[in-house]
Each structure stands twice: as C-alpha cells, then as structure tokens.
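Everything below belongs to run-v6.cif, which stores mmCIF, C-alpha atoms.
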```cif
data_run
loop_
_atom_site.label_atom_id
_atom_site.label_comp_id
_atom_site.auth_asym_id
_atom_site.auth_seq_id
_atom_site.Cartn_x
_atom_site.Cartn_y
_atom_site.Cartn_z
CA MET A 14 101.75 100.48 122.89
CA SER A 15 100.72 103.98 123.93
CA ALA A 16 101.02 107.09 121.79
CA PRO A 17 98.05 109.36 122.29
CA LEU A 18 98.19 112.31 119.92
CA ARG A 19 96.85 115.77 120.63
CA ALA A 20 97.01 118.80 118.39
CA ASP A 21 95.54 122.07 119.63
CA GLY A 22 94.77 125.17 117.59
CA LEU A 23 97.16 124.46 114.74
CA ARG A 24 97.88 127.23 112.28
CA CYS A 25 100.03 126.22 109.32
CA SER A 26 101.50 128.51 106.69
CA LEU A 27 103.45 127.93 103.49
CA GLY A 28 105.37 131.09 102.77
CA ARG A 29 102.95 133.97 103.21
CA ARG A 30 99.89 131.84 102.62
CA THR A 31 97.98 130.46 105.59
CA VAL A 32 96.87 126.92 104.73
CA LEU A 33 95.19 125.80 107.95
CA THR A 34 93.76 127.75 110.87
CA ASP A 35 92.60 126.56 114.29
CA VAL A 36 92.77 122.82 113.56
CA SER A 37 92.54 120.54 116.59
CA LEU A 38 92.69 116.77 116.73
CA SER A 39 93.14 114.07 119.33
CA ALA A 40 93.67 110.34 118.87
CA LYS A 41 93.45 107.60 121.46
CA PRO A 42 96.05 104.83 121.62
CA GLY A 43 95.45 102.40 118.76
CA GLU A 44 92.87 104.62 117.06
CA THR A 45 92.81 105.15 113.28
CA ILE A 46 91.89 108.67 112.16
CA GLY A 47 91.18 109.49 108.52
CA VAL A 48 91.79 112.93 107.01
CA VAL A 49 89.77 113.80 103.92
CA GLY A 50 89.21 116.94 101.91
CA PRO A 51 89.37 118.36 98.39
CA ASN A 52 92.69 118.77 96.60
CA GLY A 53 94.62 121.64 98.12
CA SER A 54 92.70 121.54 101.40
CA GLY A 55 95.87 120.96 103.45
CA LYS A 56 95.91 117.22 104.11
CA SER A 57 99.65 116.82 103.48
CA THR A 58 100.38 120.04 105.36
CA LEU A 59 98.49 118.77 108.40
CA LEU A 60 100.38 115.47 108.43
CA ARG A 61 103.73 117.27 108.19
CA ALA A 62 102.68 119.45 111.10
CA LEU A 63 101.65 116.42 113.16
CA ALA A 64 105.05 114.85 112.42
CA GLY A 65 106.89 117.90 113.74
CA ILE A 66 108.48 118.53 110.35
CA LEU A 67 106.58 121.70 109.50
CA ARG A 68 107.18 124.67 111.76
CA LEU A 69 103.86 125.80 113.17
CA ALA A 70 102.60 129.35 112.89
CA GLY A 71 100.45 128.65 115.93
CA GLY A 72 99.27 125.90 118.25
CA GLU A 73 101.06 122.79 119.47
CA VAL A 74 101.36 119.05 118.85
CA LEU A 75 101.86 116.63 121.74
CA VAL A 76 102.63 112.91 121.68
CA ASP A 77 102.38 111.11 125.01
CA GLY A 78 101.96 114.55 126.58
CA VAL A 79 105.30 115.83 125.22
CA ARG A 80 105.46 118.72 122.76
CA LEU A 81 107.16 117.62 119.56
CA ASP A 82 108.94 120.94 119.12
CA ARG A 83 110.82 120.28 122.36
CA LEU A 84 112.29 117.00 121.11
CA THR A 85 115.39 116.36 119.06
CA ALA A 86 114.98 114.97 115.54
CA ARG A 87 116.05 111.52 116.78
CA GLN A 88 113.56 111.62 119.66
CA ARG A 89 110.74 112.63 117.30
CA ALA A 90 111.67 109.83 114.90
CA GLN A 91 111.33 107.31 117.73
CA ARG A 92 107.76 108.46 118.36
CA VAL A 93 106.36 109.43 114.96
CA ALA A 94 106.83 107.94 111.49
CA LEU A 95 105.60 109.86 108.44
CA VAL A 96 105.22 108.10 105.11
CA PRO A 97 104.87 110.89 102.52
CA GLN A 98 102.70 110.75 99.45
CA GLU A 99 105.65 110.94 97.06
CA GLU A 100 109.37 110.45 97.58
CA ASP A 101 112.22 109.72 95.22
CA LEU A 102 113.97 106.49 96.15
CA PRO A 103 117.77 106.62 95.69
CA ALA A 104 118.45 104.71 92.47
CA ASP A 105 121.62 103.01 93.71
CA PHE A 106 119.98 101.53 96.83
CA LEU A 107 118.75 98.01 97.31
CA VAL A 108 115.27 97.60 98.80
CA GLY A 109 116.68 96.21 102.06
CA GLU A 110 119.07 99.15 102.42
CA PHE A 111 116.28 101.65 101.93
CA VAL A 112 113.87 99.99 104.35
CA ALA A 113 116.69 99.76 106.91
CA LEU A 114 116.76 103.57 107.02
CA GLY A 115 113.67 103.26 109.20
CA THR A 116 115.79 101.77 111.98
CA THR A 117 118.23 104.73 112.04
CA PRO A 118 116.67 106.46 115.09
CA TYR A 119 117.59 103.46 117.25
CA ARG A 120 121.21 103.06 116.20
CA ALA A 121 124.12 104.34 118.22
CA PRO A 122 126.22 106.93 116.34
CA TRP A 123 128.47 105.36 113.67
CA SER A 124 127.04 101.92 114.30
CA GLY A 125 126.08 99.52 111.53
CA GLY A 126 123.14 97.21 111.27
CA GLY A 127 122.99 93.79 112.82
CA ASP A 128 120.65 90.85 113.16
CA GLY A 129 118.00 93.07 114.75
CA GLU A 130 118.03 95.40 111.77
CA ARG A 131 117.77 92.58 109.26
CA GLU A 132 114.86 91.10 111.20
CA ALA A 133 113.08 94.46 111.29
CA VAL A 134 113.55 94.87 107.53
CA ALA A 135 112.29 91.34 106.80
CA ASP A 136 109.23 91.85 109.02
CA ALA A 137 108.43 95.20 107.40
CA LEU A 138 108.71 93.81 103.88
CA SER A 139 106.59 90.82 104.79
CA SER A 140 103.88 93.12 106.13
CA VAL A 141 103.56 94.80 102.70
CA ASP A 142 103.76 91.51 100.76
CA LEU A 143 107.33 92.04 99.51
CA SER A 144 109.17 89.22 101.25
CA GLY A 145 112.46 88.38 99.51
CA PHE A 146 112.83 91.83 97.91
CA GLU A 147 115.80 92.84 100.11
CA ASP A 148 118.39 92.54 97.33
CA ARG A 149 116.33 94.04 94.53
CA PRO A 150 117.45 97.48 93.21
CA VAL A 151 114.83 100.13 93.94
CA ASP A 152 115.05 101.47 90.38
CA ARG A 153 113.65 98.16 89.10
CA LEU A 154 110.42 98.40 91.07
CA SER A 155 106.98 99.12 89.70
CA GLY A 156 105.03 102.13 90.97
CA GLY A 157 103.00 99.98 93.35
CA GLU A 158 106.10 98.18 94.63
CA ARG A 159 107.86 101.50 95.26
CA ARG A 160 104.86 102.67 97.25
CA ARG A 161 104.92 99.53 99.38
CA VAL A 162 108.67 99.91 99.98
CA LEU A 163 108.03 103.40 101.35
CA LEU A 164 105.39 101.95 103.64
CA ALA A 165 107.79 99.21 104.74
CA ARG A 166 110.34 101.82 105.78
CA GLY A 167 107.66 103.50 107.89
CA PHE A 168 106.78 100.19 109.56
CA ALA A 169 110.48 99.44 110.16
CA GLN A 170 110.70 102.67 112.14
CA ARG A 171 108.63 100.89 114.82
CA THR A 172 106.97 104.02 116.15
CA PRO A 173 103.70 103.90 118.09
CA LEU A 174 102.35 106.81 115.99
CA LEU A 175 102.13 106.38 112.21
CA LEU A 176 101.19 109.12 109.73
CA LEU A 177 100.35 108.01 106.18
CA ASP A 178 99.82 110.48 103.33
CA GLU A 179 97.62 108.87 100.66
CA PRO A 180 99.01 105.39 101.41
CA THR A 181 96.79 103.62 98.87
CA ASN A 182 98.07 105.58 95.85
CA HIS A 183 99.41 103.29 93.09
CA LEU A 184 98.17 100.17 94.90
CA ASP A 185 95.82 97.65 93.35
CA VAL A 186 92.58 96.72 95.10
CA HIS A 187 94.06 93.70 96.89
CA HIS A 188 97.00 95.63 98.35
CA ARG A 189 94.80 98.60 99.28
CA LEU A 190 92.61 96.39 101.42
CA GLN A 191 95.63 94.50 102.78
CA LEU A 192 97.30 97.76 103.82
CA LEU A 193 94.21 99.05 105.60
CA ARG A 194 93.77 95.74 107.43
CA LEU A 195 97.42 95.94 108.46
CA VAL A 196 97.02 99.47 109.80
CA ARG A 197 93.87 98.54 111.70
CA GLY A 198 95.48 95.47 113.24
CA SER A 199 98.86 97.03 114.05
CA GLY A 200 97.89 98.47 117.42
CA LYS A 201 99.45 101.76 116.36
CA THR A 202 97.83 105.15 116.60
CA CYS A 203 97.44 106.07 112.96
CA VAL A 204 96.42 109.20 111.05
CA LEU A 205 96.08 108.77 107.31
CA SER A 206 94.88 110.99 104.50
CA LEU A 207 92.69 109.44 101.81
CA HIS A 208 90.90 110.56 98.67
CA ASP A 209 88.55 107.58 98.61
CA LEU A 210 85.68 108.38 100.95
CA SER A 211 84.49 104.77 101.06
CA LEU A 212 87.91 103.51 102.10
CA ALA A 213 88.08 106.21 104.75
CA ALA A 214 84.67 105.23 106.11
CA ALA A 215 85.57 101.53 106.14
CA ALA A 216 89.07 101.82 107.63
CA CYS A 217 88.84 104.65 110.14
CA ASP A 218 87.40 104.99 113.62
CA ARG A 219 86.85 108.70 113.07
CA ILE A 220 87.23 111.10 110.14
CA LEU A 221 88.48 114.70 110.08
CA VAL A 222 87.14 116.73 107.16
CA LEU A 223 89.29 119.65 105.95
CA HIS A 224 87.59 122.46 104.07
CA GLU A 225 88.50 126.06 103.28
CA GLY A 226 91.44 126.23 105.64
CA THR A 227 89.88 124.70 108.71
CA ALA A 228 88.55 121.38 109.97
CA ARG A 229 85.31 119.94 111.17
CA PRO A 230 85.64 117.95 114.42
CA ALA A 231 86.77 114.35 113.91
CA THR A 232 83.69 112.17 114.29
CA ALA A 233 82.51 108.67 113.37
CA PRO A 234 82.34 108.07 109.60
CA GLY A 235 78.54 108.13 109.45
CA GLU A 236 78.47 111.53 111.11
CA ALA A 237 81.52 112.96 109.34
CA LEU A 238 80.42 112.03 105.81
CA THR A 239 76.73 112.84 105.74
CA PRO A 240 75.22 113.76 102.34
CA GLU A 241 75.07 117.39 103.50
CA VAL A 242 78.77 117.47 104.40
CA VAL A 243 79.84 115.70 101.21
CA ARG A 244 77.77 118.14 99.14
CA ALA A 245 79.17 121.21 100.91
CA VAL A 246 82.81 120.10 100.91
CA PHE A 247 83.20 118.06 97.72
CA GLY A 248 80.40 119.46 95.57
CA VAL A 249 78.84 116.08 94.81
CA GLU A 250 75.74 114.23 95.90
CA ALA A 251 76.21 111.24 98.21
CA THR A 252 73.55 108.61 98.85
CA PRO A 253 74.28 106.14 101.68
CA VAL A 254 73.32 102.56 100.85
CA ALA A 255 73.77 99.33 102.81
CA HIS A 256 75.84 96.56 101.24
CA PRO A 257 73.50 93.59 100.73
CA ARG A 258 75.99 91.09 102.18
CA THR A 259 77.96 92.93 104.87
CA GLY A 260 75.45 95.58 105.85
CA ARG A 261 78.25 98.17 105.72
CA THR A 262 77.22 101.61 104.51
CA HIS A 263 78.62 102.70 101.15
CA LEU A 264 78.21 105.96 99.28
CA LEU A 265 76.77 106.37 95.81
CA ILE A 266 78.38 109.50 94.40
CA ASP A 267 76.73 111.54 91.66
CA ASP A 268 77.63 114.78 89.89
CA PRO A 269 74.83 117.26 90.64
CA SER A 270 75.60 119.26 87.48
CA THR A 271 74.46 116.35 85.28
CA GLU A 272 71.09 117.18 83.81
CA ASP A 273 70.30 113.79 82.27
CA ASP A 274 69.75 111.39 85.18
CA SER A 275 69.84 108.47 82.77
CA CYS A 276 73.55 108.97 82.17
CA ASP A 277 75.72 106.38 83.88
CA ASP A 278 77.93 108.83 85.74
CA ALA A 279 77.35 107.68 89.31
CA SER A 280 80.19 106.05 91.20
CA SER A 281 79.86 103.58 94.01
CA TYR A 282 82.43 103.88 96.78
#
```

Serialized structure, structure tokens:
Amino acid sequence: MSAPLRADGLRCSLGRRTVLTDVSLSAKPGETIGVVGPNGSGKSTLLRALAGILRLAGGEVLVDGVRLDRLTARQRAQRVALVPQEEDLPADFLVGEFVALGTTPYRAPWSGGGDGEREAVADALSSVDLSGFEDRPVDRLSGGERRRVLLARGFAQRTPLLLLDEPTNHLDVHHRLQLLRLVRGSGKTCVLSLHDLSLAAAACDRILVLHEGTARPATAPGEALTPEVVRAVFGVEATPVAHPRTGRTHLLIDDPSTEDDSCDDASSY
C-alpha cells in the first residue's frame, strides 16, 4: 500500500484571514504523523487542505506524486479519506447505510451495493468495535458510538491515505488506545490531529507542531515536544519522565502561573 504524501509551501486562508503560511510536510508510506497545536492554530484547516477540500491560497499537495487539485472529486476520494472532528449524522439513516457511504467512490454510476459493500461495512464496524450495529438507527447512538461510526466510514473508504481530525474525541480510554493501535497497524499513511500530547508522542512516528500561523518541521516526538517547545507553544511547563514499567517517556504538565507548588495542579500525560 503506497501513498506518500507531500505538501509544499501551503498557505491557507479562511475569508480574508490567513490561517497558515509556508507549511510543508511529507509522509512516507505507512507513516503516522501527528499534528498538535493550541486551539485555533489551524489543525483542522491543515487537514482539509491535505484532503484537497480547502482551496489553497498557495503551495501544493501531492499524493503518489499527483497534485490533488488536478484530480476529480471521485479520484481524490479513492486516495484520501478525511474523518472530520464533528459531523451531523443523518437521523433517518441506519449505521450500515452511513458507513456504506465510504464505498461510494468505487461504485459505478447508479449502481447499488452488493456483497463487497456489505463486507466492507462489516469489516469497518468490526475495526471500531461496533460489530452488529448495521441495523441500528444513528440517532440512537451515544456520542462515543457516533464518533466510532464516523471512523468506520473513513475505514470503509479503503484509501491508502487517512486524515483524522481529533479522532479520540468522545472516546473512552479503552477505545482511544484501540483506535491508535488500529491506525498504527493499518499500513496506511495517516495524519491525525490530537490535543493530548502524550497520545501524540505514543502513537506517532513524527509530530508537526503548529504555532502562530506556521509549522515547525515534523520530527520525532522527543525532538518535537521538548520542554522548551511545549513552553513556547502551549504556555505550560513539561517535564519528561520515564514510565517505570514500559520505559516510555511521558510528560508531566504544570501551569507555570501557579505560585503555590504544593497545589495538586500537575497533569500526567
């Protein structure tokens, strides 16, 4: 499965406001890239640009060496799947019908689904721990179940490049870890935005940090999320510590504005 991604000199605007300037990113086949940054730093905007949905004010995005803006919508949808942070699910759909929308790019015009579609839907639902949900109305799902149904539609699209915007939102701890293991083991090239710096460090090969309209180069987690970078970008203090069992580095996060160090305001990520 080969879908190398390259984005060069991206400039993204929303209306008259420039959100991102001169952002470049490359991803090797099968690599998982995390995108982190404060609220409003442009994480969702970047993913929409990488998906070819947002018209660029400058730069270019290439998948397998082909510029996305030179492809039809169907051709793009066969190469790139974007799972947005929020999306309203149609209330009158069943789960299986909604997930089956991910197979649309591969259907002939006016054709219906068949055994291949049902198999793709079942596999996608199984991957997010929702086997047997095909006939359940989407308006009867919990917030976490709705999130996993959105992810299942993205997996059903069967693209080699997967873009996930805050995929762990509304998920409990078990399903967060399950999702990240799934992404890592899928063989897909994946770019995902995350708020949780520890999850990003644990799940990603490299991390791109967005700050003040631009991006630092995507580097290994230990280099991307140094205490100095975390302080400058997020305004908090980060202390790397090794997990006593796994040896994996975690971050202890503390609010530097707290005067009383005895207060229990530190968070472990």

For Thr262 in chain A, list every protein, DNA or RNA residue within 10 Å, evaluated using all atoms listed in the file, and leave out those in the same chain fewer than 2 positions away; present the list as a PyMOL selection string.
-> chain A and resi 211+214-215+234-235+252-257+259-260+264-265+282

Run through the PyMOL selection byres ((chain A and resi 170-187) around 7) on the given coordinates and return the selected residues as a PyMOL selection string.
-> chain A and resi 14-16+57+60+91-98+115-116+156-157+160+166-169+188-191+201-207

Find the residues around Thr45 in chain A up to 9 Å (all atoms listed in the file counted), leave out those fewer than 2 positions away in its own chain, and share them as an MDAnalysis selection string.
-> chainID A and resid 40:43 47 196:197 201:205 216:220

Name the residues that the PyMOL selection byres ((chain A and resi 110) around 12) picks from the file above, as a PyMOL selection string, using the file's chain letters and numbers.
-> chain A and resi 102-109+111-117+125-126+130-131+133-135+138+146-151+162-163+165-166+169

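Going from CA of Val141 in chain A over to CA of Ala121 in chain A, you cover 27.5 Å.
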
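For the pair CA of Leu84 in chain A and CA of Glu100 in chain A, the interatomic distance is 24.6 Å.
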
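Of the residues listed (A:Leu38, A:Leu212, A:Leu33, A:Val222), A:Leu38 shows the shortest atom-to-atom separation from Val76 in chain A; distances use only C-alpha atoms.
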
Run the PyMOL selection byres ((chain A and resi 54) around 12) mentally over the shown coordinates, then write out the matched residues as a compact mmCIF listing (two decimals) with C-alpha atoms, in the frame of the given file, using the chain letters and numbers from the document.
```txt
# COMPACT_ATOMS: atom_id res chain seq x y z
CA CYS A 25 100.03 126.22 109.32
CA THR A 31 97.98 130.46 105.59
CA VAL A 32 96.87 126.92 104.73
CA LEU A 33 95.19 125.80 107.95
CA THR A 34 93.76 127.75 110.87
CA VAL A 48 91.79 112.93 107.01
CA VAL A 49 89.77 113.80 103.92
CA GLY A 50 89.21 116.94 101.91
CA PRO A 51 89.37 118.36 98.39
CA ASN A 52 92.69 118.77 96.60
CA GLY A 53 94.62 121.64 98.12
CA GLY A 55 95.87 120.96 103.45
CA LYS A 56 95.91 117.22 104.11
CA SER A 57 99.65 116.82 103.48
CA THR A 58 100.38 120.04 105.36
CA LEU A 59 98.49 118.77 108.40
CA SER A 206 94.88 110.99 104.50
CA HIS A 208 90.90 110.56 98.67
CA LEU A 221 88.48 114.70 110.08
CA VAL A 222 87.14 116.73 107.16
CA LEU A 223 89.29 119.65 105.95
CA HIS A 224 87.59 122.46 104.07
CA GLU A 225 88.50 126.06 103.28
CA GLY A 226 91.44 126.23 105.64
CA THR A 227 89.88 124.70 108.71
CA ALA A 228 88.55 121.38 109.97
CA VAL A 246 82.81 120.10 100.91
CA PHE A 247 83.20 118.06 97.72
```

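CA of Gly22 in chain A to CA of Gly248 in chain A spans 26.9 Å [interatomic distance, one decimal].
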
For Ser39 in chain A, which of A:Arg194, A:Ala213, A:Arg87, A:Ala231 is the closest residue, counting all atoms listed in the file?
-> A:Ala231

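Comparing the minimum interatomic distances between Val79 in chain A and each of A:Leu18, A:Arg24, A:Ala64, A:Ser37, counting all atoms listed in the file, we find that A:Leu18 sits nearest.
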
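Distance annotation: of A:Leu210, A:Ala137, A:Gly129, A:Leu23, the residue with the minimal separation from Arg61 in chain A is A:Leu23; atom set is only C-alpha atoms.
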
Go through A:Thr232, A:Ser199, A:Ser26, A:Ser270 one by one, measure the shortest atom-to-atom distance of each to Ala62 in chain A using all atoms listed in the file, and give the residue with the smallest value.
-> A:Ser26

Pull range 181-218 of chain A out of the block and emit N, CA and C atoms, as a PDB file, in the first residue's frame.
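Written out: out.pdb:
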```pdb
ATOM      1  N   THR A 181      -9.867  10.927  18.728  1.00  0.00           N
ATOM      2  CA  THR A 181     -10.124  10.344  20.050  1.00  0.00           C
ATOM      3  C   THR A 181     -11.169  11.111  20.846  1.00  0.00           C
ATOM      4  N   ASN A 182     -11.716  12.202  20.281  1.00  0.00           N
ATOM      5  CA  ASN A 182     -12.766  12.937  20.983  1.00  0.00           C
ATOM      6  C   ASN A 182     -13.950  12.028  21.277  1.00  0.00           C
ATOM      7  N   HIS A 183     -14.497  12.141  22.470  1.00  0.00           N
ATOM      8  CA  HIS A 183     -15.692  11.402  22.912  1.00  0.00           C
ATOM      9  C   HIS A 183     -15.430   9.912  23.124  1.00  0.00           C
ATOM     10  N   LEU A 184     -14.196   9.459  23.000  1.00  0.00           N
ATOM     11  CA  LEU A 184     -13.906   8.044  23.196  1.00  0.00           C
ATOM     12  C   LEU A 184     -13.368   7.812  24.606  1.00  0.00           C
ATOM     13  N   ASP A 185     -13.750   6.680  25.194  1.00  0.00           N
ATOM     14  CA  ASP A 185     -13.189   6.333  26.495  1.00  0.00           C
ATOM     15  C   ASP A 185     -11.746   5.856  26.307  1.00  0.00           C
ATOM     16  N   VAL A 186     -11.072   5.626  27.427  1.00  0.00           N
ATOM     17  CA  VAL A 186      -9.645   5.288  27.374  1.00  0.00           C
ATOM     18  C   VAL A 186      -9.403   4.023  26.553  1.00  0.00           C
ATOM     19  N   HIS A 187     -10.222   3.006  26.750  1.00  0.00           N
ATOM     20  CA  HIS A 187     -10.036   1.746  26.025  1.00  0.00           C
ATOM     21  C   HIS A 187     -10.112   1.968  24.523  1.00  0.00           C
ATOM     22  N   HIS A 188     -11.140   2.683  24.069  1.00  0.00           N
ATOM     23  CA  HIS A 188     -11.322   2.859  22.627  1.00  0.00           C
ATOM     24  C   HIS A 188     -10.325   3.860  22.033  1.00  0.00           C
ATOM     25  N   ARG A 189      -9.828   4.787  22.858  1.00  0.00           N
ATOM     26  CA  ARG A 189      -8.749   5.654  22.378  1.00  0.00           C
ATOM     27  C   ARG A 189      -7.523   4.818  22.015  1.00  0.00           C
ATOM     28  N   LEU A 190      -7.113   3.980  22.947  1.00  0.00           N
ATOM     29  CA  LEU A 190      -5.926   3.162  22.714  1.00  0.00           C
ATOM     30  C   LEU A 190      -6.154   2.166  21.583  1.00  0.00           C
ATOM     31  N   GLN A 191      -7.368   1.603  21.520  1.00  0.00           N
ATOM     32  CA  GLN A 191      -7.692   0.669  20.448  1.00  0.00           C
ATOM     33  C   GLN A 191      -7.601   1.345  19.087  1.00  0.00           C
ATOM     34  N   LEU A 192      -8.135   2.564  18.998  1.00  0.00           N
ATOM     35  CA  LEU A 192      -8.097   3.295  17.732  1.00  0.00           C
ATOM     36  C   LEU A 192      -6.663   3.567  17.302  1.00  0.00           C
ATOM     37  N   LEU A 193      -5.835   4.018  18.220  1.00  0.00           N
ATOM     38  CA  LEU A 193      -4.460   4.344  17.858  1.00  0.00           C
ATOM     39  C   LEU A 193      -3.676   3.099  17.460  1.00  0.00           C
ATOM     40  N   ARG A 194      -3.952   1.974  18.128  1.00  0.00           N
ATOM     41  CA  ARG A 194      -3.316   0.718  17.704  1.00  0.00           C
ATOM     42  C   ARG A 194      -3.775   0.339  16.302  1.00  0.00           C
ATOM     43  N   LEU A 195      -5.046   0.548  16.024  1.00  0.00           N
ATOM     44  CA  LEU A 195      -5.588   0.234  14.702  1.00  0.00           C
ATOM     45  C   LEU A 195      -4.913   1.077  13.629  1.00  0.00           C
ATOM     46  N   VAL A 196      -4.784   2.365  13.894  1.00  0.00           N
ATOM     47  CA  VAL A 196      -4.147   3.260  12.921  1.00  0.00           C
ATOM     48  C   VAL A 196      -2.702   2.833  12.686  1.00  0.00           C
ATOM     49  N   ARG A 197      -1.983   2.549  13.770  1.00  0.00           N
ATOM     50  CA  ARG A 197      -0.586   2.161  13.640  1.00  0.00           C
ATOM     51  C   ARG A 197      -0.420   0.864  12.872  1.00  0.00           C
ATOM     52  N   GLY A 198      -1.365  -0.069  13.048  1.00  0.00           N
ATOM     53  CA  GLY A 198      -1.232  -1.370  12.416  1.00  0.00           C
ATOM     54  C   GLY A 198      -1.917  -1.491  11.071  1.00  0.00           C
ATOM     55  N   SER A 199      -2.508  -0.401  10.580  1.00  0.00           N
ATOM     56  CA  SER A 199      -3.301  -0.474   9.348  1.00  0.00           C
ATOM     57  C   SER A 199      -2.456  -0.505   8.080  1.00  0.00           C
ATOM     58  N   GLY A 200      -1.206  -0.064   8.174  1.00  0.00           N
ATOM     59  CA  GLY A 200      -0.379   0.041   6.984  1.00  0.00           C
ATOM     60  C   GLY A 200      -0.651   1.290   6.174  1.00  0.00           C
ATOM     61  N   LYS A 201      -1.622   2.092   6.611  1.00  0.00           N
ATOM     62  CA  LYS A 201      -1.958   3.317   5.887  1.00  0.00           C
ATOM     63  C   LYS A 201      -1.000   4.441   6.262  1.00  0.00           C
ATOM     64  N   THR A 202      -0.846   5.379   5.357  1.00  0.00           N
ATOM     65  CA  THR A 202      -0.215   6.645   5.694  1.00  0.00           C
ATOM     66  C   THR A 202      -1.279   7.473   6.395  1.00  0.00           C
ATOM     67  N   CYS A 203      -0.975   7.933   7.597  1.00  0.00           N
ATOM     68  CA  CYS A 203      -2.001   8.602   8.394  1.00  0.00           C
ATOM     69  C   CYS A 203      -1.478   9.914   8.958  1.00  0.00           C
ATOM     70  N   VAL A 204      -2.317  10.956   8.867  1.00  0.00           N
ATOM     71  CA  VAL A 204      -2.043  12.233   9.522  1.00  0.00           C
ATOM     72  C   VAL A 204      -3.226  12.514  10.436  1.00  0.00           C
ATOM     73  N   LEU A 205      -2.961  12.702  11.723  1.00  0.00           N
ATOM     74  CA  LEU A 205      -4.044  12.931  12.658  1.00  0.00           C
ATOM     75  C   LEU A 205      -3.722  14.070  13.599  1.00  0.00           C
ATOM     76  N   SER A 206      -4.730  14.879  13.880  1.00  0.00           N
ATOM     77  CA  SER A 206      -4.567  15.964  14.837  1.00  0.00           C
ATOM     78  C   SER A 206      -5.003  15.474  16.207  1.00  0.00           C
ATOM     79  N   LEU A 207      -4.288  15.914  17.234  1.00  0.00           N
ATOM     80  CA  LEU A 207      -4.567  15.481  18.602  1.00  0.00           C
ATOM     81  C   LEU A 207      -4.335  16.634  19.564  1.00  0.00           C
ATOM     82  N   HIS A 208      -5.164  16.697  20.614  1.00  0.00           N
ATOM     83  CA  HIS A 208      -4.919  17.633  21.702  1.00  0.00           C
ATOM     84  C   HIS A 208      -3.986  17.033  22.739  1.00  0.00           C
ATOM     85  N   ASP A 209      -4.107  15.739  22.964  1.00  0.00           N
ATOM     86  CA  ASP A 209      -3.357  15.055  24.007  1.00  0.00           C
ATOM     87  C   ASP A 209      -1.915  14.828  23.545  1.00  0.00           C
ATOM     88  N   LEU A 210      -0.985  15.541  24.149  1.00  0.00           N
ATOM     89  CA  LEU A 210       0.408  15.454  23.729  1.00  0.00           C
ATOM     90  C   LEU A 210       1.003  14.080  24.005  1.00  0.00           C
ATOM     91  N   SER A 211       0.571  13.432  25.084  1.00  0.00           N
ATOM     92  CA  SER A 211       1.085  12.109  25.396  1.00  0.00           C
ATOM     93  C   SER A 211       0.638  11.085  24.373  1.00  0.00           C
ATOM     94  N   LEU A 212      -0.635  11.153  23.979  1.00  0.00           N
ATOM     95  CA  LEU A 212      -1.127  10.248  22.945  1.00  0.00           C
ATOM     96  C   LEU A 212      -0.389  10.476  21.632  1.00  0.00           C
ATOM     97  N   ALA A 213      -0.153  11.741  21.308  1.00  0.00           N
ATOM     98  CA  ALA A 213       0.568  12.050  20.077  1.00  0.00           C
ATOM     99  C   ALA A 213       1.973  11.456  20.109  1.00  0.00           C
ATOM    100  N   ALA A 214       2.644  11.610  21.247  1.00  0.00           N
ATOM    101  CA  ALA A 214       4.007  11.091  21.368  1.00  0.00           C
ATOM    102  C   ALA A 214       4.029   9.574  21.288  1.00  0.00           C
ATOM    103  N   ALA A 215       2.999   8.919  21.844  1.00  0.00           N
ATOM    104  CA  ALA A 215       2.975   7.455  21.882  1.00  0.00           C
ATOM    105  C   ALA A 215       2.568   6.854  20.545  1.00  0.00           C
ATOM    106  N   ALA A 216       1.718   7.554  19.785  1.00  0.00           N
ATOM    107  CA  ALA A 216       1.101   6.943  18.605  1.00  0.00           C
ATOM    108  C   ALA A 216       1.746   7.345  17.290  1.00  0.00           C
ATOM    109  N   CYS A 217       2.581   8.373  17.302  1.00  0.00           N
ATOM    110  CA  CYS A 217       3.041   8.952  16.033  1.00  0.00           C
ATOM    111  C   CYS A 217       4.538   8.738  15.813  1.00  0.00           C
ATOM    112  N   ASP A 218       4.884   8.548  14.556  1.00  0.00           N
ATOM    113  CA  ASP A 218       6.298   8.440  14.190  1.00  0.00           C
ATOM    114  C   ASP A 218       6.969   9.802  14.256  1.00  0.00           C
TER     115      ASP A 218
END
```
